[in-house]
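Undergrad: Handing over upload.cif, mmCIF, C-alpha atoms.
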```cif
data_structure
#
loop_
_atom_site.label_atom_id
_atom_site.label_comp_id
_atom_site.auth_asym_id
_atom_site.auth_seq_id
_atom_site.Cartn_x
_atom_site.Cartn_y
_atom_site.Cartn_z
CA MET A 1 -3.59 30.70 84.60
CA PRO A 2 -6.16 28.59 86.44
CA GLU A 3 -5.31 24.94 86.47
CA THR A 4 -7.70 22.68 84.67
CA ALA A 5 -8.01 19.01 85.37
CA ALA A 6 -6.36 16.84 82.76
CA THR A 7 -8.96 15.24 80.54
CA GLU A 8 -9.03 11.49 80.59
CA LYS A 9 -7.70 10.10 77.33
CA ILE A 10 -9.18 7.21 75.44
CA ALA A 11 -7.23 4.69 73.37
CA VAL A 12 -8.32 4.43 69.74
CA GLN A 13 -7.12 2.51 66.75
CA ILE A 14 -7.97 4.08 63.43
CA LYS A 15 -6.72 2.99 60.04
CA VAL A 16 -5.97 6.05 57.92
CA ASN A 17 -5.18 5.45 54.24
CA GLY A 18 -4.43 1.82 55.04
CA LYS A 19 -2.01 2.57 57.87
CA PRO A 20 -3.07 1.79 61.46
CA TYR A 21 -2.67 4.56 64.03
CA ALA A 22 -2.98 3.69 67.72
CA ARG A 23 -3.31 6.83 69.81
CA GLU A 24 -4.70 8.08 73.09
CA VAL A 25 -6.97 11.04 72.45
CA GLU A 26 -9.22 13.37 74.37
CA PRO A 27 -12.89 12.44 73.90
CA ARG A 28 -13.57 15.85 72.38
CA MET A 29 -11.03 15.42 69.56
CA LEU A 30 -12.57 15.47 66.10
CA PRO A 31 -11.45 13.11 63.31
CA VAL A 32 -10.25 16.11 61.30
CA GLU A 33 -7.94 16.99 64.20
CA PHE A 34 -6.89 13.36 64.45
CA VAL A 35 -5.76 13.11 60.83
CA ARG A 36 -4.13 16.55 60.82
CA GLU A 37 -2.42 16.47 64.22
CA GLU A 38 -1.92 12.79 65.03
CA CYS A 39 -1.26 11.51 61.50
CA ASP A 40 0.36 14.68 60.06
CA LEU A 41 -1.99 14.48 57.08
CA THR A 42 -2.89 18.11 56.49
CA GLY A 43 -4.71 17.66 53.19
CA THR A 44 -8.00 17.49 55.08
CA HIS A 45 -8.99 21.08 55.77
CA VAL A 46 -11.02 22.81 58.44
CA GLY A 47 -13.22 25.35 56.74
CA CYS A 48 -16.27 26.40 58.69
CA ASP A 49 -16.14 23.91 61.59
CA THR A 50 -19.95 24.14 61.66
CA THR A 51 -21.01 21.22 59.42
CA TYR A 52 -21.59 23.45 56.43
CA CYS A 53 -18.68 23.71 54.01
CA GLY A 54 -17.45 20.14 53.53
CA ALA A 55 -13.74 21.06 53.33
CA CYS A 56 -13.14 18.39 56.00
CA THR A 57 -14.88 15.62 54.04
CA VAL A 58 -13.20 12.22 54.37
CA LEU A 59 -14.41 8.70 53.67
CA MET A 60 -15.17 6.63 56.74
CA ASN A 61 -15.62 2.96 55.90
CA GLY A 62 -16.21 4.07 52.30
CA LEU A 63 -18.84 6.73 53.01
CA SER A 64 -18.24 10.48 52.87
CA VAL A 65 -18.60 12.26 56.18
CA LYS A 66 -17.77 15.69 57.52
CA SER A 67 -14.86 14.92 59.80
CA CYS A 68 -15.56 18.00 61.93
CA THR A 69 -18.96 16.62 62.90
CA MET A 70 -18.19 13.52 64.88
CA PHE A 71 -15.64 12.55 67.50
CA ALA A 72 -12.40 10.71 66.84
CA VAL A 73 -13.34 8.15 69.50
CA GLN A 74 -16.36 7.29 67.35
CA ALA A 75 -14.03 6.39 64.50
CA ASP A 76 -12.30 3.75 66.67
CA GLY A 77 -11.90 0.60 64.61
CA SER A 78 -12.85 2.28 61.36
CA GLU A 79 -11.00 2.99 58.13
CA ILE A 80 -10.59 6.57 57.03
CA THR A 81 -9.50 7.69 53.59
CA THR A 82 -8.20 11.23 53.20
CA VAL A 83 -7.12 12.99 50.03
CA GLU A 84 -3.59 11.68 50.61
CA GLY A 85 -4.97 8.16 50.30
CA LEU A 86 -6.23 8.66 46.76
CA GLU A 87 -2.90 8.44 44.94
CA LYS A 88 -1.25 5.07 44.43
CA ASP A 89 2.48 4.43 43.98
CA GLY A 90 3.18 8.09 43.38
CA GLN A 91 0.55 8.24 40.63
CA LEU A 92 -2.31 10.70 41.03
CA HIS A 93 -5.76 9.16 41.22
CA PRO A 94 -7.87 9.78 38.08
CA ILE A 95 -10.06 12.12 40.16
CA GLN A 96 -7.04 14.21 41.19
CA LYS A 97 -5.77 14.26 37.63
CA ALA A 98 -9.15 15.31 36.27
CA PHE A 99 -9.45 18.21 38.75
CA GLY A 100 -6.11 19.48 37.41
CA ASP A 101 -6.80 18.84 33.75
CA ALA A 102 -10.27 20.44 33.82
CA TYR A 103 -9.13 23.40 35.98
CA GLY A 104 -11.57 22.23 38.65
CA LEU A 105 -9.83 24.21 41.37
CA GLN A 106 -8.79 27.75 42.05
CA CYS A 107 -7.42 28.36 45.56
CA GLY A 108 -7.68 24.64 46.32
CA TYR A 109 -9.02 24.88 49.84
CA CYS A 110 -12.26 23.01 49.11
CA THR A 111 -10.62 20.61 46.64
CA PRO A 112 -9.74 17.67 48.93
CA GLY A 113 -13.31 17.51 50.22
CA LEU A 114 -14.73 17.82 46.73
CA MET A 115 -12.53 15.01 45.49
CA LEU A 116 -13.72 12.67 48.23
CA SER A 117 -17.37 13.56 47.55
CA THR A 118 -16.60 12.86 43.90
CA PHE A 119 -15.10 9.51 44.92
CA GLN A 120 -18.33 8.45 46.62
CA LEU A 121 -20.45 9.68 43.69
CA LEU A 122 -18.40 7.90 41.01
CA SER A 123 -18.33 4.65 42.99
CA GLU A 124 -22.15 4.66 42.83
CA ASN A 125 -22.65 6.33 39.47
CA PRO A 126 -19.66 6.35 37.04
CA GLU A 127 -21.41 8.57 34.47
CA PRO A 128 -23.26 11.26 36.41
CA ASP A 129 -25.16 14.02 34.63
CA GLU A 130 -25.01 17.59 35.90
CA LYS A 131 -28.05 17.12 38.13
CA ALA A 132 -26.50 14.11 39.85
CA ILE A 133 -23.22 15.99 40.31
CA ARG A 134 -25.00 19.00 41.82
CA LYS A 135 -26.75 16.72 44.33
CA ALA A 136 -23.56 14.83 45.14
CA ILE A 137 -21.39 17.88 45.84
CA ALA A 138 -24.11 20.03 47.42
CA GLY A 139 -22.33 19.60 50.76
CA ASN A 140 -19.07 21.07 49.49
CA THR A 141 -18.76 24.82 49.25
CA CYS A 142 -16.31 26.49 46.85
CA ARG A 143 -15.94 30.18 47.62
CA CYS A 144 -13.91 30.83 44.48
CA THR A 145 -17.27 30.18 42.75
CA GLY A 146 -15.76 27.88 40.16
CA TYR A 147 -18.43 25.20 40.04
CA MET A 148 -18.68 24.86 36.26
CA ASN A 149 -15.14 23.53 35.96
CA ILE A 150 -15.74 21.29 38.96
CA PHE A 151 -18.70 19.69 37.13
CA LYS A 152 -16.41 19.15 34.13
CA ALA A 153 -13.70 17.67 36.35
CA VAL A 154 -16.14 15.20 37.92
CA GLN A 155 -17.38 14.06 34.52
CA LEU A 156 -13.83 13.81 33.18
CA ALA A 157 -12.83 11.76 36.23
CA GLY A 158 -15.73 9.39 35.58
CA ARG A 159 -14.60 8.93 31.99
CA ASN A 160 -10.96 8.46 33.05
CA ILE A 161 -11.86 5.78 35.59
CA LYS A 162 -14.03 3.99 33.05
CA GLY A 163 -11.31 4.15 30.41
CA ALA A 164 -8.55 3.10 32.81
CA MET B 1 -27.27 4.34 82.29
CA LEU B 2 -29.19 7.57 81.66
CA GLY B 3 -30.87 6.99 85.01
CA GLN B 4 -27.46 6.94 86.71
CA LEU B 5 -26.08 9.96 84.89
CA GLY B 6 -29.16 12.04 85.61
CA ASP B 7 -30.62 14.99 83.74
CA ASP B 8 -27.28 16.27 82.58
CA ALA B 9 -26.62 13.49 80.08
CA LYS B 10 -27.42 13.61 76.40
CA LEU B 11 -27.69 10.85 73.84
CA LEU B 12 -25.50 11.12 70.76
CA ALA B 13 -27.08 9.59 67.66
CA GLY B 14 -25.85 10.82 64.26
CA GLY B 15 -24.62 14.02 65.85
CA GLN B 16 -25.26 16.18 62.79
CA SER B 17 -27.34 18.63 64.83
CA LEU B 18 -25.99 17.96 68.31
CA ILE B 19 -22.27 18.32 67.60
CA PRO B 20 -22.65 21.77 65.99
CA LEU B 21 -24.77 22.79 69.00
CA LEU B 22 -22.04 21.56 71.37
CA LYS B 23 -19.40 23.53 69.49
CA LEU B 24 -21.49 26.68 69.74
CA ARG B 25 -21.99 25.96 73.46
CA PHE B 26 -25.76 26.02 72.93
CA ALA B 27 -25.80 22.57 74.48
CA ASN B 28 -23.47 21.81 77.37
CA PRO B 29 -24.23 18.33 78.75
CA ALA B 30 -21.94 16.81 81.39
CA HIS B 31 -22.13 13.42 79.68
CA LEU B 32 -22.60 12.22 76.14
CA VAL B 33 -23.81 8.67 75.62
CA ASP B 34 -22.92 7.44 72.14
CA LEU B 35 -25.52 5.14 70.57
CA ASN B 36 -23.45 4.40 67.47
CA PHE B 37 -21.88 1.20 68.75
CA ILE B 38 -25.16 -0.53 69.66
CA ALA B 39 -25.82 -3.31 67.19
CA GLY B 40 -29.28 -3.93 65.77
CA THR B 41 -30.49 -0.34 65.96
CA SER B 42 -30.30 0.32 62.23
CA PHE B 43 -32.84 -1.54 60.11
CA ILE B 44 -35.73 -1.02 57.69
CA ARG B 45 -38.33 -3.77 57.57
CA GLU B 46 -41.96 -4.30 56.71
CA ASN B 47 -44.24 -5.87 59.25
CA SER B 48 -48.05 -6.10 59.26
CA GLY B 49 -48.73 -3.18 56.93
CA ALA B 50 -46.12 -0.85 58.39
CA VAL B 51 -42.53 0.07 57.65
CA HIS B 52 -40.33 -0.06 60.75
CA PHE B 53 -37.14 1.98 61.02
CA GLY B 54 -34.51 1.32 63.67
CA THR B 55 -33.70 4.50 65.54
CA MET B 56 -30.12 4.68 64.20
CA THR B 57 -31.10 4.18 60.57
CA ARG B 58 -29.24 6.84 58.60
CA HIS B 59 -31.05 9.20 56.25
CA ALA B 60 -28.94 7.80 53.37
CA GLU B 61 -30.08 4.25 54.14
CA ILE B 62 -33.70 5.37 53.92
CA GLU B 63 -32.95 7.35 50.74
CA HIS B 64 -31.64 4.20 49.04
CA SER B 65 -34.25 1.81 50.47
CA GLU B 66 -36.70 0.27 48.02
CA LEU B 67 -39.04 -0.37 50.93
CA ALA B 68 -39.10 3.30 51.93
CA LYS B 69 -39.91 4.22 48.32
CA LYS B 70 -43.32 2.62 48.85
CA ILE B 71 -44.12 5.78 50.81
CA PRO B 72 -42.89 8.63 48.58
CA VAL B 73 -43.03 11.24 51.36
CA LEU B 74 -40.36 9.23 53.19
CA HIS B 75 -38.12 8.97 50.17
CA ASP B 76 -38.50 12.68 49.36
CA CYS B 77 -37.63 13.59 52.92
CA ALA B 78 -34.65 11.25 53.27
CA ALA B 79 -33.17 12.18 49.88
CA GLY B 80 -33.41 15.90 50.53
CA ILE B 81 -32.07 16.28 54.05
CA ALA B 82 -28.97 18.49 53.98
CA ASP B 83 -26.21 16.90 51.87
CA VAL B 84 -24.67 13.49 51.17
CA GLN B 85 -22.20 13.66 54.07
CA ILE B 86 -24.87 14.59 56.60
CA ARG B 87 -27.26 11.94 55.26
CA ASN B 88 -24.50 9.35 55.76
CA ARG B 89 -24.44 10.13 59.50
CA GLY B 90 -27.78 11.63 60.58
CA THR B 91 -30.50 9.31 61.90
CA ILE B 92 -34.30 9.25 61.86
CA GLY B 93 -34.52 8.58 65.60
CA GLY B 94 -32.13 11.40 66.42
CA SER B 95 -34.06 13.85 64.27
CA LEU B 96 -37.36 13.06 66.00
CA ALA B 97 -35.85 13.07 69.49
CA GLU B 98 -34.21 16.44 68.88
CA ALA B 99 -37.51 17.97 67.72
CA ASP B 100 -35.89 20.94 66.03
CA PRO B 101 -38.67 23.15 64.59
CA SER B 102 -36.78 23.16 61.29
CA GLY B 103 -36.06 19.42 61.27
CA ASP B 104 -37.44 17.44 58.34
CA TRP B 105 -38.58 14.08 59.70
CA ALA B 106 -41.25 15.22 62.15
CA ASN B 107 -42.92 17.33 59.49
CA ALA B 108 -42.90 14.56 56.88
CA LEU B 109 -44.02 11.82 59.26
CA ILE B 110 -46.85 13.77 60.87
CA THR B 111 -48.89 13.39 57.66
CA LEU B 112 -48.68 9.60 58.00
CA ASP B 113 -49.84 7.20 60.68
CA THR B 114 -46.55 7.26 62.63
CA THR B 115 -45.81 5.68 65.99
CA VAL B 116 -42.64 6.29 67.99
CA HIS B 117 -41.41 3.35 70.05
CA CYS B 118 -39.81 4.56 73.27
CA LEU B 119 -37.64 2.46 75.52
CA GLY B 120 -36.55 3.06 79.11
CA PRO B 121 -35.82 1.24 82.36
CA LYS B 122 -39.56 0.92 83.01
CA GLY B 123 -40.03 -0.84 79.70
CA ALA B 124 -41.22 -0.04 76.20
CA ARG B 125 -44.14 2.15 75.18
CA LYS B 126 -45.55 3.41 71.90
CA VAL B 127 -46.47 7.04 71.39
CA ALA B 128 -48.29 8.47 68.38
CA LEU B 129 -46.01 11.05 66.72
CA LYS B 130 -48.58 13.81 67.28
CA ASP B 131 -48.32 13.16 71.04
CA PHE B 132 -44.55 12.68 70.93
CA ILE B 133 -43.44 16.14 69.85
CA LEU B 134 -44.70 18.56 72.46
CA ASP B 135 -42.91 21.78 71.60
CA ALA B 136 -39.70 23.06 70.04
CA TYR B 137 -36.87 20.75 71.22
CA THR B 138 -39.32 19.05 73.60
CA THR B 139 -40.65 15.51 73.30
CA ALA B 140 -42.62 13.08 75.43
CA LEU B 141 -39.39 11.17 76.21
CA ALA B 142 -38.47 10.92 79.88
CA HIS B 143 -34.82 11.73 80.55
CA ASP B 144 -34.00 8.03 80.91
CA GLU B 145 -35.86 7.00 77.75
CA LEU B 146 -34.79 6.82 74.13
CA VAL B 147 -36.43 6.27 70.76
CA SER B 148 -35.90 2.67 69.71
CA GLU B 149 -37.95 2.48 66.54
CA VAL B 150 -40.17 4.51 64.24
CA GLU B 151 -43.19 2.74 62.77
CA VAL B 152 -44.99 4.14 59.72
CA LYS B 153 -48.18 2.59 58.45
CA ILE B 154 -48.20 2.05 54.67
CA PRO B 155 -50.94 4.29 53.21
CA PRO B 156 -53.86 2.60 51.42
CA LYS B 157 -53.97 2.07 47.68
CA GLY B 158 -54.77 5.22 45.73
CA SER B 159 -52.64 7.36 48.03
CA GLY B 160 -50.01 9.81 46.96
CA GLY B 161 -47.72 12.03 48.93
CA ALA B 162 -44.97 14.56 48.55
CA TYR B 163 -42.50 16.36 50.78
CA VAL B 164 -41.40 19.65 49.28
CA THR B 165 -38.99 22.12 50.84
CA PHE B 166 -37.25 25.29 49.84
CA LYS B 167 -33.77 26.04 51.11
CA ARG B 168 -31.08 28.54 50.30
CA ALA B 169 -28.36 25.87 50.08
CA ALA B 170 -28.15 22.14 50.69
CA PRO B 171 -26.55 22.00 54.16
CA VAL B 172 -28.87 24.55 55.79
CA TYR B 173 -32.30 24.00 57.27
CA PRO B 174 -35.17 24.76 54.89
CA THR B 175 -36.77 28.18 54.88
CA ALA B 176 -40.11 26.36 54.77
CA SER B 177 -41.19 22.81 54.13
CA THR B 178 -44.45 21.03 53.52
CA ALA B 179 -45.69 17.46 53.50
CA VAL B 180 -48.89 16.43 51.74
CA GLN B 181 -50.52 13.00 51.83
CA LEU B 182 -53.71 12.41 49.82
CA THR B 183 -55.95 9.37 49.58
CA MET B 184 -57.90 9.39 46.34
CA GLU B 185 -60.93 7.43 45.22
CA GLY B 186 -61.08 8.05 41.52
CA ASP B 187 -61.04 11.84 41.16
CA VAL B 188 -62.33 12.47 44.64
CA CYS B 189 -60.06 13.16 47.58
CA LYS B 190 -61.12 10.84 50.38
CA ASP B 191 -58.59 12.04 52.89
CA ALA B 192 -55.89 14.67 53.07
CA ALA B 193 -53.07 15.45 55.48
CA ILE B 194 -51.05 18.65 55.08
CA ALA B 195 -48.21 19.67 57.39
CA LEU B 196 -46.06 22.79 57.43
CA GLY B 197 -42.51 22.88 58.77
CA CYS B 198 -40.09 25.64 59.84
CA VAL B 199 -43.01 28.05 60.24
CA GLY B 200 -43.93 27.35 63.87
CA LEU B 201 -42.49 25.83 67.03
CA THR B 202 -43.48 22.38 65.80
CA ALA B 203 -44.80 21.04 62.51
CA ILE B 204 -48.29 22.50 61.95
CA ARG B 205 -51.15 20.41 60.62
CA ALA B 206 -53.10 22.72 58.33
CA GLY B 207 -56.60 21.45 59.16
CA GLU B 208 -58.48 23.98 57.05
CA ALA B 209 -56.31 23.29 54.05
CA GLU B 210 -57.01 19.58 54.46
CA ALA B 211 -60.76 20.27 54.75
CA ALA B 212 -60.61 22.29 51.53
CA LEU B 213 -59.58 19.14 49.66
CA ARG B 214 -61.65 16.46 51.40
CA ARG B 215 -64.55 15.05 49.39
CA LYS B 216 -63.59 17.37 46.50
CA SER B 217 -62.15 16.68 43.13
CA PRO B 218 -58.99 18.79 43.40
CA ASP B 219 -58.88 21.25 40.49
CA ASP B 220 -56.83 24.45 40.29
CA LYS B 221 -59.42 26.39 42.27
CA THR B 222 -59.65 23.83 45.09
CA ILE B 223 -55.86 23.62 45.27
CA ALA B 224 -55.63 27.43 45.45
CA THR B 225 -58.14 27.46 48.32
CA ALA B 226 -56.10 24.84 50.18
CA ALA B 227 -52.87 26.80 49.60
CA GLU B 228 -54.52 29.98 50.94
CA ALA B 229 -55.69 28.10 54.04
CA ALA B 230 -52.13 26.79 54.53
CA ARG B 231 -50.78 30.33 54.28
CA ALA B 232 -53.15 31.39 57.05
CA ALA B 233 -52.20 28.39 59.22
CA ALA B 234 -48.46 29.14 59.06
CA ASP B 235 -47.03 30.98 62.05
CA PRO B 236 -43.55 31.96 60.86
CA HIS B 237 -40.98 34.13 62.60
CA PRO B 238 -38.97 36.57 60.56
CA ASP B 239 -35.27 35.70 60.57
CA MET B 240 -32.23 35.72 58.29
CA ARG B 241 -34.06 33.37 55.93
CA GLY B 242 -36.90 35.78 55.26
CA SER B 243 -39.71 37.89 56.65
CA ALA B 244 -42.87 36.30 58.03
CA GLU B 245 -44.78 37.53 55.01
CA TYR B 246 -42.26 36.00 52.60
CA LYS B 247 -42.42 32.68 54.41
CA ARG B 248 -46.24 32.62 54.29
CA GLU B 249 -46.07 33.27 50.56
CA LEU B 250 -43.54 30.46 50.25
CA VAL B 251 -45.73 28.06 52.25
CA ALA B 252 -48.67 28.68 49.90
CA ALA B 253 -46.49 28.01 46.85
CA LEU B 254 -44.95 24.86 48.34
CA VAL B 255 -48.34 23.46 49.37
CA ARG B 256 -49.70 24.07 45.89
CA ARG B 257 -46.75 22.26 44.36
CA ALA B 258 -46.85 19.40 46.87
CA ILE B 259 -50.58 18.80 46.25
CA GLN B 260 -49.95 18.65 42.51
CA ILE B 261 -47.13 16.12 42.94
CA ALA B 262 -49.16 14.06 45.44
CA LEU B 263 -52.07 13.92 42.96
CA ARG B 264 -49.82 12.75 40.15
CA ARG B 265 -48.30 10.10 42.38
CA ALA B 266 -51.75 8.96 43.52
CA ARG B 267 -52.44 8.32 39.83
CA GLY B 268 -49.31 6.18 39.66
CA GLU B 269 -46.96 8.68 37.98
CA GLN B 270 -43.27 8.83 38.94
CA VAL B 271 -42.18 12.28 40.09
CA ASP B 272 -38.79 12.88 41.70
CA GLY B 273 -36.39 15.55 42.85
CA VAL B 274 -38.67 17.72 44.90
CA HIS B 275 -36.28 19.61 47.16
CA LEU B 276 -35.73 23.09 45.80
CA TYR B 277 -32.56 25.13 46.20
CA ALA B 278 -32.26 28.85 45.58
#
```
Just give me the structure as structure tokens.

TA:
Amino acid sequence: MPETAATEKIAVQIKVNGKPYAREVEPRMLPVEFVREECDLTGTHVGCDTTYCGACTVLMNGLSVKSCTMFAVQADGSEITTVEGLEKDGQLHPIQKAFGDAYGLQCGYCTPGLMLSTFQLLSENPEPDEKAIRKAIAGNTCRCTGYMNIFKAVQLAGRNIKGA
Amino acid sequence: MLGQLGDDAKLLAGGQSLIPLLKLRFANPAHLVDLNFIAGTSFIRENSGAVHFGTMTRHAEIEHSELAKKIPVLHDCAAGIADVQIRNRGTIGGSLAEADPSGDWANALITLDTTVHCLGPKGARKVALKDFILDAYTTALAHDELVSEVEVKIPPKGSGGAYVTFKRAAPVYPTASTAVQLTMEGDVCKDAAIALGCVGLTAIRAGEAEAALRRKSPDDKTIATAAEAARAAADPHPDMRGSAEYKRELVAALVRRAIQIALRRARGEQVDGVHLYA
């Protein structure tokens, strides 16, 4: 095996689900790799790795981003929320509960990303109609093709949050 | 800094085009210079009859800006680029500097009076957008220059515009896109700008289509003539998104639709949601 020069590592401090993580990472590391490998939070999935599918969606400083399409060093000093950060005190978040209750998932691979896109949508618009939901989750691909139940889950989640 | 690093350095703005290109090894720069930590590069403000966008202003910020809504083409474009996640990261300056033939901003902005502010070690200069984009992925920027600001003149009263695209799914580039900007005086079209995207190496201004509308009162027949002229002006390549013939057909349909929306908006009507998905 040819020897390759060790890549210089860069110190970052990223708060993930409220917990600070100080790590030294290669500049090429992606945030999705950071949360999965450095924080052991494997709920964030790598789907296409080409900025298409949205399985890696997380919230960065409250906004949904595809965590395969930036570098971890760019998230230095920021707050990331992954699907694991939605539940509180062992209680599922209303969005998580609604995805279960409305059968808004089949294989579940796209679900964490969809739930975080739903989180951003409902924080701006608690009662979205189908058109608004379509626009909000257009960056999340479900290959089980179960979008109708996902629409229902998003609307149910909105009602649950409002009623809570 | 770019001067020191030489030709082999690339600026990283929103990264929503560049990072996928890096992963595919289509781009292989020795250095990446991240612009995301530079304060004061993201803003939207009005100044002497123009809207000014900081280079790092995200598409989502433009989508939600009341100021940008004054120019409907801008709002249409910002609200329809890819998906929510990409709009949260991607920037107007990055889109123009990348000059992807399928990119949205250059095509939308070319129908307006748009000036690109460039900044480098030799100072600042302003370049009209039509002189800024030279070819596919090629701009008038020197290797040690960057886009600092995009300035768009607010169109006169009685204007209406629309940016209409067709794409197979949200995150992909459009199959074809069109921008139309009309200035009306009563029922008569005083001025028209029509641009076609994704069907040439750069956005194409469809001069004959524009001429078909100028000094006319646009009825169905005039609009059909303009759409036919746009079809002829398109220079599409067949690819996975469709044959050249299909794309020309699509361009004609999109131009027809965009003219109709622009006319309604020029009359003061509200029309929204103009990006089409298959």

Undergrad: Please enumerate the residues selected by the PyMOL selection byres ((chain A and resi 36) around 12) when evaluated against the supplied file, formatted as a VMD selection string.

TA: chain A and resid 16 29 to 35 37 to 46 56 58 67 to 68 72 82 to 84

Undergrad: Name all residues at most 12 Å from stretch 153-164 of chain A (count all atoms listed in the file; drop same-chain ones fewer than 4 positions away) and give them as a VMD selection string.

TA: chain A and resid 92 to 105 111 114 to 134 136 to 137 146 to 149

Undergrad: If the PyMOL selection byres ((chain B and resi 112-128) around 7) were run on this exact file, what residues would it hold? Put them as an MDAnalysis selection string.

TA: chainID B and resid 109:111 129:132 144:153

Undergrad: Given the selection you just returned, output its residues as a file containing C-alpha atoms, formatted as a PDB file, in the coordinates of the input.

TA:
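Wrote out_37.pdb, looks like this:
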```
ATOM      1  CA  LEU B 109     -44.020  11.820  59.260  1.00  0.00           C
ATOM      2  CA  ILE B 110     -46.850  13.770  60.870  1.00  0.00           C
ATOM      3  CA  THR B 111     -48.890  13.390  57.660  1.00  0.00           C
ATOM      4  CA  LEU B 129     -46.010  11.050  66.720  1.00  0.00           C
ATOM      5  CA  LYS B 130     -48.580  13.810  67.280  1.00  0.00           C
ATOM      6  CA  ASP B 131     -48.320  13.160  71.040  1.00  0.00           C
ATOM      7  CA  PHE B 132     -44.550  12.680  70.930  1.00  0.00           C
ATOM      8  CA  ASP B 144     -34.000   8.030  80.910  1.00  0.00           C
ATOM      9  CA  GLU B 145     -35.860   7.000  77.750  1.00  0.00           C
ATOM     10  CA  LEU B 146     -34.790   6.820  74.130  1.00  0.00           C
ATOM     11  CA  VAL B 147     -36.430   6.270  70.760  1.00  0.00           C
ATOM     12  CA  SER B 148     -35.900   2.670  69.710  1.00  0.00           C
ATOM     13  CA  GLU B 149     -37.950   2.480  66.540  1.00  0.00           C
ATOM     14  CA  VAL B 150     -40.170   4.510  64.240  1.00  0.00           C
ATOM     15  CA  GLU B 151     -43.190   2.740  62.770  1.00  0.00           C
ATOM     16  CA  VAL B 152     -44.990   4.140  59.720  1.00  0.00           C
ATOM     17  CA  LYS B 153     -48.180   2.590  58.450  1.00  0.00           C
TER      18      LYS B 153
END
```

Undergrad: What would the selection look like, as a ChimeraX atom specification, if the PyMOL selection byres ((chain A) within 9 of (chain B)) were run on the coordinates I just shared?

TA: /A:49-54,57,63-66,68-71,74,117,135-140

Undergrad: Show me, as a count of residues only, the residues that have an atom within 8 Å of B:His275 when counting all atoms listed in the file, minus same-chain residues fewer than 5 positions from it.

TA: 7

Undergrad: Pick out the closest residue to B:Ala27 from this set: B:Ser48, B:Ala252, B:Tyr137, B:His75. Count all atoms listed in the file.

TA: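 Once distances to B:Ala27 are computed over all atoms listed in the file, the minimum belongs to B:Tyr137.
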
Undergrad: Rank A:Gly18, A:Ala55, A:Pro112, A:Thr145 by their smallest atom-to-atom distance to A:Lys88, using all atoms listed in the file, and report the top residue only.

TA: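 For A:Lys88, the nearest of the candidates is A:Gly18.
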
Undergrad: So how many Å separate atom CA of B:Gln270 and atom CA of B:Arg257, to one decimal?

TA: 14.9 Å

Undergrad: Any idea what's packed within 10 Å of B:Pro155, counting all atoms listed in the file, ignoring anything in its chain fewer than 4 positions away? Could you give it as a list of chain:residue names?

TA: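 Near B:Pro155, the qualifying residues are B:Gly49, B:Ala50, B:Lys70, B:Ile71, B:Leu112, B:Asp113, B:Ser159, B:Gly160, B:Gly161, B:Gln181, B:Leu182, B:Thr183.
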
Undergrad: Please provide the set of residues having any atom within 6 Å of stretch 6-14 of chain A, restricted to all atoms listed in the file, with same-chain residues fewer than 6 positions apart removed, written as a PyMOL selection string.

TA: chain A and resi 20-26+76-78

Undergrad: Check the smallest atom-to-atom distance from each of B:His143, B:Ala206, B:Lys216, B:Val180 to B:Ala232 using all atoms listed in the file, then report the winner.

TA: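 For B:Ala232, the nearest of the given residues is B:Ala206.
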
Undergrad: Can you tell me how far atom CA of B:Leu22 sits from atom CA of B:Asp100, in Å to one decimal?

TA: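 Computing it gives 14.9 Å between the two atoms.
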
Undergrad: By how many Å are atom CA of B:Leu5 and atom CA of A:Arg28 apart?

TA: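 Distance reported for this atom pair: 18.6 Å.
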
Undergrad: Check the smallest atom-to-atom distance from each of B:Ala212, B:Ala234, B:Met184, B:Ala229 to B:Gly197 using all atoms listed in the file, then report the winner.

TA: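 Among the listed residues, B:Ala234 lies closest to B:Gly197.
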
Undergrad: Could you tell me which of B:Gly40, B:Pro72, B:Gly207, B:Pro174 comes closest to B:Asp104 if we count all atoms listed in the file?

TA: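 Checking each candidate against B:Asp104, we get B:Pro174 as the closest.
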
Undergrad: Which one of B:Gly268, B:Ile62, B:Cys189, B:Ser177 sits closest to B:Leu254 if you count all atoms listed in the file?

TA: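 The closest residue to B:Leu254 is B:Ser177.
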
Undergrad: Edge lengths and centre in Å to one decimal, as AutoDock Vina command-line options, of the axis-aligned box that encloses all listed atoms of stretch 129-147 of chain A with 4 Å added on every side?

TA:
```
--center_x -21.0 --center_y 22.4 --center_z 42.7 --size_x 22.1 --size_y 24.8 --size_z 24.1
```

Undergrad: Do a neighbour search on B:Tyr246 at 12 Å with all atoms listed in the file, toss out local chain neighbours closer than 3 positions, and write the hits as number ranges by chain.

TA: B: 175-176, 199, 231, 234-243, 249-253

Undergrad: Within 9 Å of (-38.3, 24.9, 70.2) (coordinates as in the file), grab all the protein and nucleic acid residues, counting all atoms listed in the file, and write them out as a count of residues only.

TA: 10
